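File shown: upload.cif. Contents: mmCIF, C-alpha atoms.
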data_input
loop_
_atom_site.label_atom_id
_atom_site.label_comp_id
_atom_site.auth_asym_id
_atom_site.auth_seq_id
_atom_site.Cartn_x
_atom_site.Cartn_y
_atom_site.Cartn_z
CA MET A 24 0.00 0.00 0.00
CA MET A 25 1.00 3.63 -0.48
CA ASP A 26 2.43 5.24 2.64
CA HIS A 27 2.31 8.84 3.85
CA GLU A 28 5.95 9.63 3.07
CA LEU A 29 5.81 8.35 -0.51
CA ALA A 30 2.52 10.12 -1.18
CA GLU A 31 4.00 13.43 0.03
CA ARG A 32 6.92 13.03 -2.37
CA LEU A 33 4.59 12.33 -5.29
CA ILE A 34 2.42 15.37 -4.55
CA GLY A 35 5.56 17.48 -4.24
CA LYS A 36 6.58 16.48 -7.77
CA LEU A 37 3.12 17.12 -9.21
CA VAL A 38 2.85 20.61 -7.71
CA SER A 39 5.73 21.89 -9.83
CA TYR A 40 4.01 20.88 -13.07
CA MET A 41 0.31 21.75 -12.61
CA ASP A 42 -2.16 24.05 -10.85
CA TYR A 43 -4.95 21.53 -10.29
CA ASN A 44 -5.93 20.32 -6.82
CA VAL A 45 -4.81 16.69 -6.48
CA ASN A 46 -5.43 14.32 -3.55
CA LEU A 47 -3.87 10.94 -2.78
CA MET A 48 -5.86 8.56 -0.56
CA ASP A 49 -4.80 5.34 1.16
CA GLU A 50 -6.63 2.01 1.46
CA LYS A 51 -8.77 3.36 4.33
CA GLY A 52 -10.02 6.32 2.32
CA ILE A 53 -7.88 8.81 4.27
CA ILE A 54 -6.30 11.69 2.33
CA ILE A 55 -2.61 11.21 3.07
CA ALA A 56 -1.24 13.88 0.72
CA SER A 57 -2.80 16.80 -1.14
CA THR A 58 -1.99 20.05 -2.87
CA ASP A 59 -4.62 21.41 -0.46
CA LYS A 60 -2.85 20.79 2.87
CA GLY A 61 -6.04 21.45 4.81
CA ARG A 62 -7.57 18.21 3.54
CA VAL A 63 -4.76 15.91 4.67
CA GLY A 64 -5.99 13.46 7.29
CA SER A 65 -9.67 13.75 6.39
CA PHE A 66 -11.87 10.87 5.27
CA HIS A 67 -12.87 10.59 1.59
CA GLU A 68 -15.93 8.36 1.16
CA ILE A 69 -15.51 7.83 -2.61
CA ALA A 70 -11.89 6.71 -2.18
CA TYR A 71 -12.99 4.30 0.55
CA ASN A 72 -15.65 2.86 -1.80
CA ILE A 73 -13.16 2.50 -4.67
CA MET A 74 -10.75 0.54 -2.45
CA LYS A 75 -13.48 -1.73 -1.07
CA LYS A 76 -15.52 -2.27 -4.24
CA SER A 77 -14.89 -3.24 -7.87
CA GLN A 78 -15.30 0.26 -9.34
CA ASP A 79 -12.08 1.97 -10.47
CA ILE A 80 -13.25 5.43 -11.61
CA VAL A 81 -15.92 7.59 -9.98
CA GLU A 82 -16.99 11.04 -11.16
CA VAL A 83 -18.65 13.36 -8.66
CA GLU A 84 -20.71 16.46 -9.42
CA ASP A 85 -21.66 19.01 -6.75
CA ASN A 86 -20.45 16.59 -3.99
CA ASP A 87 -23.51 14.30 -4.46
CA GLY A 88 -23.78 14.02 -0.67
CA PHE A 89 -20.62 11.97 -0.12
CA LEU A 90 -18.61 12.47 3.08
CA GLY A 91 -15.42 14.52 2.63
CA VAL A 92 -15.80 14.65 -1.16
CA ARG A 93 -15.75 17.54 -3.62
CA SER A 94 -16.67 17.64 -7.31
CA GLY A 95 -14.09 15.91 -9.44
CA ILE A 96 -12.78 12.57 -10.67
CA ASN A 97 -11.33 9.84 -8.45
CA MET A 98 -9.43 6.82 -9.80
CA ALA A 99 -7.80 3.72 -8.38
CA LEU A 100 -3.99 3.56 -8.41
CA GLU A 101 -2.55 0.15 -9.25
CA PHE A 102 0.82 -1.51 -8.83
CA GLU A 103 1.37 -5.03 -10.09
CA HIS A 104 -2.37 -5.32 -10.84
CA LYS A 105 -3.38 -4.49 -7.25
CA LYS A 106 -5.09 -1.37 -5.94
CA ILE A 107 -2.73 0.50 -3.63
CA GLY A 108 -4.56 3.81 -3.29
CA VAL A 109 -6.72 6.42 -5.00
CA VAL A 110 -5.89 9.66 -6.81
CA GLY A 111 -8.48 12.44 -7.14
CA VAL A 112 -8.51 15.64 -9.19
CA THR A 113 -10.91 18.34 -7.98
CA GLY A 114 -13.08 20.29 -10.45
CA ASP A 115 -15.85 19.96 -13.00
CA PRO A 116 -15.55 16.36 -14.28
CA ASN A 117 -16.06 17.53 -17.87
CA GLN A 118 -13.14 19.92 -17.56
CA VAL A 119 -10.66 17.79 -15.60
CA ARG A 120 -11.34 14.35 -17.15
CA ASN A 121 -8.35 14.36 -19.52
CA VAL A 122 -6.11 15.95 -16.91
CA ALA A 123 -7.14 13.29 -14.36
CA LEU A 124 -6.18 10.46 -16.69
CA VAL A 125 -2.76 12.02 -17.27
CA VAL A 126 -2.31 12.55 -13.52
CA ARG A 127 -3.11 8.92 -12.77
CA MET A 128 -0.64 7.74 -15.42
CA ALA A 129 2.04 10.08 -14.04
CA VAL A 130 1.45 9.02 -10.42
CA GLU A 131 1.51 5.30 -11.30
CA SER A 132 4.75 5.82 -13.26
CA MET A 133 6.33 7.66 -10.32
CA LEU A 134 5.07 4.99 -7.94
CA GLU A 135 6.62 2.26 -10.05
CA TYR A 136 9.90 4.16 -10.17
CA GLU A 137 9.93 4.91 -6.43
CA ILE A 138 9.04 1.35 -5.48
CA ALA A 139 11.63 -0.08 -7.86
CA LYS A 140 14.25 2.26 -6.39
CA GLU A 141 13.37 1.15 -2.87
CA GLN A 142 13.53 -2.50 -3.88
CA ALA A 143 17.01 -1.99 -5.37
CA GLN A 144 18.24 -0.43 -2.12
CA ARG A 145 17.25 -3.51 -0.14
CA HIS A 146 20.21 -5.47 -1.44
CA LYS A 147 22.97 -3.07 -0.39
CA SER A 148 24.11 -5.04 2.63
CA THR A 149 22.97 -7.62 5.13
CA LYS A 150 22.17 -4.95 7.71
CA ASP A 151 20.37 -2.75 5.22
CA LYS A 152 18.34 -5.77 4.13
CA PHE A 153 17.59 -6.72 7.72
CA LEU A 154 16.52 -3.19 8.68
CA ASN A 155 14.40 -2.90 5.56
CA ASP A 156 12.63 -6.18 6.33
CA LEU A 157 12.33 -5.24 9.99
CA LEU A 158 10.77 -1.80 9.47
CA TYR A 159 9.16 -1.61 6.04
CA GLU A 160 8.15 -5.04 4.76
CA GLU A 161 4.42 -5.68 5.15
CA GLU A 162 4.89 -9.41 4.67
CA ALA A 163 8.37 -9.99 6.01
CA ASP A 164 9.53 -13.60 5.99
CA ARG A 165 10.33 -14.79 9.51
CA ASP A 166 13.00 -17.23 8.32
CA ASN A 167 14.80 -14.46 6.42
CA LEU A 168 14.64 -12.14 9.41
CA GLU A 169 16.01 -14.80 11.74
CA ARG A 170 18.77 -15.67 9.30
CA GLU A 171 19.78 -12.02 8.83
CA ALA A 172 19.56 -11.35 12.58
CA GLU A 173 21.76 -14.36 13.33
CA MET A 174 24.38 -13.10 10.86
CA LEU A 175 24.33 -9.72 12.63
CA GLY A 176 24.36 -11.26 16.12
CA TYR A 177 20.89 -10.04 17.19
CA GLN A 178 18.82 -12.23 19.51
CA ASP A 179 15.19 -12.49 18.40
CA ASN A 180 13.39 -13.20 21.68
CA ARG A 181 15.10 -10.48 23.70
CA ILE A 182 12.80 -7.69 24.92
CA ARG A 183 13.70 -4.35 23.37
CA ILE A 184 12.44 -0.81 24.03
CA PRO A 185 11.80 1.10 20.76
CA MET A 186 12.81 4.78 20.90
CA MET A 187 12.62 7.36 18.13
CA VAL A 188 14.57 10.59 18.60
CA THR A 189 14.09 13.79 16.64
CA VAL A 190 16.81 16.45 16.66
CA PRO A 191 15.61 19.77 15.18
CA GLY A 192 18.32 21.59 13.28
CA GLN A 193 20.49 18.50 12.80
CA GLY A 194 21.38 18.09 9.13
CA ASN A 195 22.81 14.60 8.76
CA LEU A 196 21.50 12.33 11.51
CA LYS A 197 24.01 9.61 10.62
CA GLU A 198 26.64 11.86 12.18
CA LEU A 199 24.96 11.22 15.54
CA LEU A 200 25.20 7.42 15.39
CA PRO A 201 28.79 7.33 16.76
CA ILE A 202 27.67 9.49 19.71
CA MET A 203 24.88 7.05 20.50
CA LYS A 204 27.18 4.05 20.16
CA SER A 205 29.76 5.65 22.47
CA SER A 206 27.24 5.64 25.33
CA SER A 207 28.08 3.32 28.25
CA HIS A 208 24.54 1.90 27.94
CA TYR A 209 24.89 0.85 24.29
CA THR A 210 25.39 -2.88 23.62
CA LYS A 211 25.72 -5.01 20.49
CA GLN A 212 22.16 -6.19 21.07
CA ASP A 213 20.83 -2.68 20.40
CA ILE A 214 19.48 -2.10 16.90
CA LEU A 215 20.28 1.44 15.84
CA THR A 216 19.56 3.19 12.54
CA VAL A 217 18.47 6.36 10.76
CA THR A 218 15.14 5.74 9.04
CA ARG A 219 14.08 6.75 5.54
CA ASP A 220 12.21 9.74 6.92
CA GLU A 221 15.27 10.94 8.85
CA LYS A 222 14.48 9.77 12.36
CA LEU A 223 17.02 8.38 14.79
CA LEU A 224 15.53 5.00 15.76
CA MET A 225 16.80 2.41 18.21
CA PHE A 226 15.55 -0.78 19.77
CA ALA A 227 17.39 -0.99 23.06
CA GLY A 228 17.90 -4.53 24.33
CA VAL A 229 17.44 -4.50 28.09
CA PRO A 230 17.96 -7.42 30.49
CA GLY A 231 15.31 -8.70 32.86
CA SER A 232 11.81 -10.18 32.89
CA LEU A 233 8.79 -8.54 31.26
CA GLU A 234 7.44 -7.52 34.68
CA HIS A 235 10.70 -5.82 35.64
CA ILE A 236 11.09 -4.06 32.28
CA PHE A 237 7.48 -2.88 32.01
CA ASN A 238 7.49 -1.55 35.56
CA ASN A 239 10.63 0.45 34.81
CA TYR A 240 10.64 1.02 31.04
CA LYS A 241 10.32 4.82 31.29
CA TYR A 242 13.26 4.95 33.67
CA LEU A 243 15.24 2.49 31.52
CA ALA A 244 14.58 4.53 28.37
CA GLY A 245 15.67 7.72 30.10
CA GLU A 246 18.79 6.10 31.50
CA TYR A 247 19.71 4.60 28.13
CA LEU A 248 19.49 7.98 26.37
CA SER A 249 20.90 10.12 29.21
CA GLU A 250 24.46 10.42 27.87
CA PHE A 251 23.30 11.06 24.30
CA LEU A 252 20.83 13.75 25.40
CA ALA A 253 23.50 15.38 27.55
CA ALA A 254 25.83 15.50 24.53
CA MET A 255 23.06 17.10 22.47
CA ARG A 256 22.45 19.75 25.13
CA VAL A 257 26.15 20.64 25.08
CA GLN A 258 25.69 21.30 21.34
CA GLY A 259 22.63 23.43 22.08
CA LYS A 260 20.20 20.92 20.56
CA GLU A 261 16.95 19.94 22.24
CA CYS A 262 15.60 16.48 21.37
CA SER A 263 12.18 14.85 21.51
CA VAL A 264 11.88 11.15 22.34
CA TYR A 265 8.98 8.90 21.34
CA VAL A 266 8.82 5.46 22.97
CA GLY A 267 6.77 2.69 21.31
CA SER A 268 5.47 -0.64 22.63
CA LEU A 269 7.90 -3.27 23.95
CA GLN A 270 8.81 -5.96 21.43
CA SER A 271 10.38 -9.39 21.52
CA ASN A 272 9.44 -10.63 18.02
CA PHE A 273 11.19 -9.21 14.96
CA LEU A 274 8.00 -9.51 12.90
CA ASN A 275 6.35 -6.86 15.08
CA TYR A 276 9.11 -4.26 15.27
CA ARG A 277 7.72 -2.21 12.39
CA TYR A 278 4.53 -1.64 14.38
CA SER A 279 6.47 0.01 17.19
CA TYR A 280 8.21 2.23 14.65
CA ARG A 281 4.82 3.28 13.23
CA GLN A 282 3.58 3.92 16.76
CA CYS A 283 6.49 6.31 17.34
CA LEU A 284 5.66 8.13 14.10
CA TRP A 285 2.02 8.33 15.19
CA LEU A 286 3.06 9.80 18.55
CA GLU A 287 5.14 12.45 16.81
CA ARG A 288 2.21 13.49 14.59
CA HIS A 289 -0.61 13.34 17.13
CA VAL A 290 0.69 13.96 20.66
CA LYS A 291 2.00 17.25 21.96
CA ALA A 292 4.92 16.49 24.22
CA ALA A 293 4.66 18.03 27.68
CA GLY A 294 8.28 17.07 28.37
CA ILE A 295 11.15 15.45 26.52
CA GLY A 296 9.54 11.98 26.35
CA VAL A 297 6.23 10.68 24.95
CA TYR A 298 5.21 7.09 25.71
CA PHE A 299 2.89 4.99 23.54
CA TYR A 300 1.37 3.06 26.44
CA ASP A 301 0.03 6.39 27.77
CA HIS A 302 -1.92 6.97 24.54
CA ILE A 303 -3.30 3.56 23.55
CA ASP A 304 -6.92 4.74 23.53
CA GLU A 305 -6.27 7.64 21.14
CA TYR A 306 -4.18 5.40 18.89
CA LEU A 307 -6.81 2.65 18.65
CA LYS A 308 -9.48 5.24 17.85
CA SER A 309 -7.33 6.60 15.04
CA GLN A 310 -7.12 3.13 13.49
CA ILE A 311 -10.91 2.82 13.15
CA PRO A 312 -12.16 4.13 9.77
CA ILE A 313 -14.06 7.38 10.26
CA MET A 314 -16.94 5.82 8.31
CA GLU A 315 -17.55 3.47 11.25
CA PHE A 316 -17.87 6.47 13.56
CA HIS A 317 -20.13 8.17 11.03
CA LYS A 318 -22.49 5.19 11.03
CA ILE A 319 -22.80 5.45 14.82
CA PHE A 320 -22.69 9.19 15.48
CA GLY A 321 -23.69 10.79 12.16
CA THR A 322 -27.07 11.88 13.53
CA PHE A 323 -25.39 13.77 16.39
CA GLN A 324 -23.13 15.60 13.92
CA VAL A 325 -26.17 16.72 11.89
CA LYS A 326 -28.71 17.46 14.63
CA LEU A 327 -26.66 19.00 17.45
CA ASP A 328 -26.18 22.77 17.13
CA GLU A 329 -22.68 24.13 16.61
CA GLU A 330 -22.44 25.89 19.97
CA PHE A 331 -23.27 22.69 21.86
CA LYS A 332 -20.77 20.65 19.80
CA LYS A 333 -17.98 23.14 20.52
CA SER A 334 -18.81 23.10 24.23
CA PHE A 335 -19.02 19.30 24.27
CA ILE A 336 -15.64 18.90 22.57
CA LYS A 337 -14.04 21.45 24.89
CA HIS A 338 -15.32 20.10 28.19
CA ILE A 339 -15.42 16.35 27.53
CA GLY A 340 -12.03 16.57 25.82
CA THR A 341 -10.55 18.31 28.85
CA LEU A 342 -12.10 15.78 31.23
CA TYR A 343 -10.68 12.96 29.11
CA HIS A 344 -7.16 14.37 29.32
CA ASN A 345 -7.49 14.86 33.09
CA ASN A 346 -8.81 11.39 33.92
CA TYR A 347 -12.30 12.84 34.48
CA ASN A 348 -11.10 14.75 37.52
CA LEU A 349 -13.48 17.70 37.85
CA GLU A 350 -11.10 19.93 39.80
CA ALA A 351 -8.12 19.34 37.50
CA SER A 352 -10.29 19.84 34.41
CA SER A 353 -11.67 23.12 35.80
CA LYS A 354 -8.14 24.40 36.39
CA ALA A 355 -7.11 23.37 32.87
CA LEU A 356 -10.00 25.45 31.46
CA PHE A 357 -9.39 28.33 33.90
CA ILE A 358 -12.96 28.19 35.19
CA HIS A 359 -14.53 27.60 38.60
CA LYS A 360 -15.41 24.05 39.57
CA ASN A 361 -19.07 25.02 39.89
CA THR A 362 -19.03 26.53 36.40
CA MET A 363 -17.64 23.26 35.08
CA ALA A 364 -20.38 21.31 36.90
CA PHE A 365 -23.04 23.63 35.49
CA ARG A 366 -21.84 23.08 31.91
CA LEU A 367 -21.71 19.33 32.42
CA ASP A 368 -25.30 19.46 33.65
CA LYS A 369 -26.28 20.97 30.29
CA ILE A 370 -24.69 17.99 28.54
CA LYS A 371 -26.35 15.60 30.98
CA ASN A 372 -29.79 17.17 30.49
CA LEU A 373 -29.58 17.19 26.69
CA LEU A 374 -28.08 13.74 26.11
CA GLY A 375 -29.17 11.96 29.28
CA ILE A 376 -25.63 10.84 30.14
CA ASN A 377 -23.47 11.22 33.24
CA PRO A 378 -19.85 10.50 32.22
CA ILE A 379 -18.51 11.53 35.63
CA GLN A 380 -20.30 8.71 37.48
CA ASN A 381 -21.17 6.16 34.78
CA SER A 382 -18.34 4.33 32.97
CA ARG A 383 -20.52 3.38 29.98
CA ASP A 384 -21.67 6.98 29.58
CA ARG A 385 -18.01 7.95 29.78
CA ASP A 386 -17.13 5.61 26.90
CA PHE A 387 -20.00 7.04 24.86
CA ALA A 388 -18.91 10.61 25.59
CA ASP A 389 -15.27 9.88 24.74
CA TYR A 390 -16.10 8.33 21.36
CA LEU A 391 -18.65 11.01 20.50
CA CYS A 392 -16.13 13.71 21.44
CA TYR A 393 -13.46 12.09 19.26
CA TYR A 394 -15.86 11.89 16.30
CA LEU A 395 -17.14 15.45 16.63
CA LYS A 396 -13.60 16.76 16.95
CA ARG A 397 -12.56 15.04 13.73
CA MET A 398 -15.66 16.20 11.88
CA ASN A 399 -15.40 19.79 13.12
#
Take the structure I supplied and represent it as structure tokens, if you would.
Amino acid sequence: MMDHELAERLIGKLVSYMDYNVNLMDEKGIIIASTDKGRVGSFHEIAYNIMKKSQDIVEVEDNDGFLGVRSGINMALEFEHKKIGVVGVTGDPNQVRNVALVVRMAVESMLEYEIAKEQAQRHKSTKDKFLNDLLYEEEADRDNLEREAEMLGYQDNRIRIPMMVTVPGQGNLKELLPIMKSSSHYTKQDILTVTRDEKLLMFAGVPGSLEHIFNNYKYLAGEYLSEFLAAMRVQGKECSVYVGSLQSNFLNYRYSYRQCLWLERHVKAAGIGVYFYDHIDEYLKSQIPIMEFHKIFGTFQVKLDEEFKKSFIKHIGTLYHNNYNLEASSKALFIHKNTMAFRLDKIKNLLGINPIQNSRDRDFADYLCYYLKRMN
């Protein structure tokens, strides 16, 4: 399937040759790259239908009532006779039809070139091949991974903590690898690399049982990076650290890497470190197609007035981030506790829910808040 990074590169190339609005959508119908940056991340119902059904080209006039769709032409993108995404050109279908066909041909040609280039790079060395299989292969072969890992001396069943470090202002991140390797905490069991999207990524092999590591993984991650971060501060560089889920199976390492990328895009760091296990709920929500939310909460989006929706998002969202603590949420909003209670009563009276005292009502409120926030 087409990933976010590749789609951004393709759009970047198209922008220099044309003035039309072009969108690239993934297999879930999410716009992952666009000449209109404001649409990135939104759901496109036609693209979702194209990926799930047999139709390959859909023309839309005056929106036709589809979610997240504007007038234009949308077409399936194929690689090796399989759909890998959707390209859309916005405008009057009669005026953009020929342009859309040329755009699809150009995008598919660039995709083929980019994918072929990536495939050629996989054979550079054993470590490059191993890291490519570990992080980017959707259907990595376990036997190949184990064979490559054995050649490199990596133990498969060892628990490792995935950490992604960003260093603003650092040109060539590969220059930082020797600094990381010079740390007293670095061992030959640590997998360290610079990713394709220029992130410093490591899987730190730590000794001990799962219980010991999980109870202390934040401390262990901080200790592991302490010397590196100190060296960066000496250079006047402030880093951000994103810690994914613990792994002990090479086939699952790429998921932790994607979790770190998700944390970088979706979570505002309060300090130097952001930890995936603290944001599982938000992550799992983001993996559910927005169409599923629309089937459940679409009526609320249409029937609730805008003022109520804004208030609901503001107050339920704040409660969510403060563990539904009324006093802490009031302070976060800079309002009196009684004012907060009064506004929650309005929600309670209109929807008949009490998320403060009822856990099921709380689940409902959290999901409705998430949906309304994405739609508004």
**Item:** Pick from A:Met48, A:Leu248, A:Ala99, A:Leu215, whichever lies nearest to A:Phe153 using only C-alpha atoms
**Value:** A:Leu215
**Message:** Could you tell me how far atom CA of A:Cys283 sits from atom CA of A:Lys204, in Å to one decimal place?
**Reply:** 21.0 Å
List the residues matched by the PyMOL selection byres ((chain A and resi 355) around 12) in the displayed structure as an mmCIF file with C-alpha atoms, keeping the file's coordinate frame, ordered by chain and then by residue number.
data_model
loop_
_atom_site.group_PDB
_atom_site.id
_atom_site.type_symbol
_atom_site.label_atom_id
_atom_site.label_comp_id
_atom_site.auth_asym_id
_atom_site.auth_seq_id
_atom_site.Cartn_x
_atom_site.Cartn_y
_atom_site.Cartn_z
ATOM 1 C CA LYS A 337 -14.040 21.450 24.890
ATOM 2 C CA HIS A 338 -15.320 20.100 28.190
ATOM 3 C CA GLY A 340 -12.030 16.570 25.820
ATOM 4 C CA THR A 341 -10.550 18.310 28.850
ATOM 5 C CA LEU A 342 -12.100 15.780 31.230
ATOM 6 C CA TYR A 343 -10.680 12.960 29.110
ATOM 7 C CA HIS A 344 -7.160 14.370 29.320
ATOM 8 C CA ASN A 345 -7.490 14.860 33.090
ATOM 9 C CA TYR A 347 -12.300 12.840 34.480
ATOM 10 C CA ASN A 348 -11.100 14.750 37.520
ATOM 11 C CA LEU A 349 -13.480 17.700 37.850
ATOM 12 C CA GLU A 350 -11.100 19.930 39.800
ATOM 13 C CA ALA A 351 -8.120 19.340 37.500
ATOM 14 C CA SER A 352 -10.290 19.840 34.410
ATOM 15 C CA SER A 353 -11.670 23.120 35.800
ATOM 16 C CA LYS A 354 -8.140 24.400 36.390
ATOM 17 C CA LEU A 356 -10.000 25.450 31.460
ATOM 18 C CA PHE A 357 -9.390 28.330 33.900
ATOM 19 C CA ILE A 358 -12.960 28.190 35.190
ATOM 20 C CA HIS A 359 -14.530 27.600 38.600
ATOM 21 C CA LYS A 360 -15.410 24.050 39.570
ATOM 22 C CA MET A 363 -17.640 23.260 35.080
#
**Prompt:** Nearest to A:Ala244 among A:Gly52, A:Gly176, A:Gly228, A:Pro378, with distances taken over all atoms listed in the file: which residue is it?
**Reply:**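 Of A:Gly52, A:Gly176, A:Gly228, A:Pro378, the one nearest A:Ala244, counting all atoms listed in the file, is A:Gly228.
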**Request:** Step by step, work through what the PyMOL selection byres ((chain A and resi 373) around 12) selects in the shown file, and finish by giving those residues as a VMD selection string.
**Result:** chain A and resid 323 327 to 328 331 to 332 335 366 to 372 374 to 377
Grab the residues selected above and save them as a PDB file, keeping the file's coordinate frame with C-alpha atoms.
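The result, written out as out27.pdb:
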ATOM      1  CA  PHE A 323     -25.390  13.770  16.390  1.00  0.00           C
ATOM      2  CA  LEU A 327     -26.660  19.000  17.450  1.00  0.00           C
ATOM      3  CA  ASP A 328     -26.180  22.770  17.130  1.00  0.00           C
ATOM      4  CA  PHE A 331     -23.270  22.690  21.860  1.00  0.00           C
ATOM      5  CA  LYS A 332     -20.770  20.650  19.800  1.00  0.00           C
ATOM      6  CA  PHE A 335     -19.020  19.300  24.270  1.00  0.00           C
ATOM      7  CA  ARG A 366     -21.840  23.080  31.910  1.00  0.00           C
ATOM      8  CA  LEU A 367     -21.710  19.330  32.420  1.00  0.00           C
ATOM      9  CA  ASP A 368     -25.300  19.460  33.650  1.00  0.00           C
ATOM     10  CA  LYS A 369     -26.280  20.970  30.290  1.00  0.00           C
ATOM     11  CA  ILE A 370     -24.690  17.990  28.540  1.00  0.00           C
ATOM     12  CA  LYS A 371     -26.350  15.600  30.980  1.00  0.00           C
ATOM     13  CA  ASN A 372     -29.790  17.170  30.490  1.00  0.00           C
ATOM     14  CA  LEU A 374     -28.080  13.740  26.110  1.00  0.00           C
ATOM     15  CA  GLY A 375     -29.170  11.960  29.280  1.00  0.00           C
ATOM     16  CA  ILE A 376     -25.630  10.840  30.140  1.00  0.00           C
ATOM     17  CA  ASN A 377     -23.470  11.220  33.240  1.00  0.00           C
TER      18      ASN A 377
END
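Nearest residue to A:Leu154 among A:Ile303, A:Leu252, A:Arg277, A:Gly35 is A:Arg277, counting all atoms listed in the file.
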**Request:** Rank nothing, just name the residue among A:Ala56, A:Phe365, A:Ile336, A:Met314 nearest to A:Gly108, using all atoms listed in the file.
**Result:** A:Ala56
**Request:** Quick one: pull the distance between atom CA of A:His27 and atom CA of A:Glu160, Å, one decimal.
**Result:** 15.1 Å
**Item:** Atom pair atom CA of A:Leu124 / atom CA of A:Asp59: separation (Å)
**Value:** 19.6 Å
**Asked** Using all atoms listed in the file, which of the listed residues (A:Glu169, A:Lys140, A:Asp156, A:Leu269) sits closest to A:Met186?
**Response**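 Ranked by minimum distance to A:Met186, first place goes to A:Leu269.
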**Item:** Selection near A:Ala163, 10 Å with only C-alpha atoms, sequence-local residues under 5 positions removed, as a count of residues only
**Value:** 9
**Prompt:** the PyMOL selection byres ((chain A and resi 278-282) around 12) on the file shown: which residues, as a VMD selection string?
**Reply:** chain A and resid 26 to 27 154 157 to 161 183 to 188 216 to 220 222 to 226 265 to 277 283 to 290 297 to 303 305 to 307 309 to 310
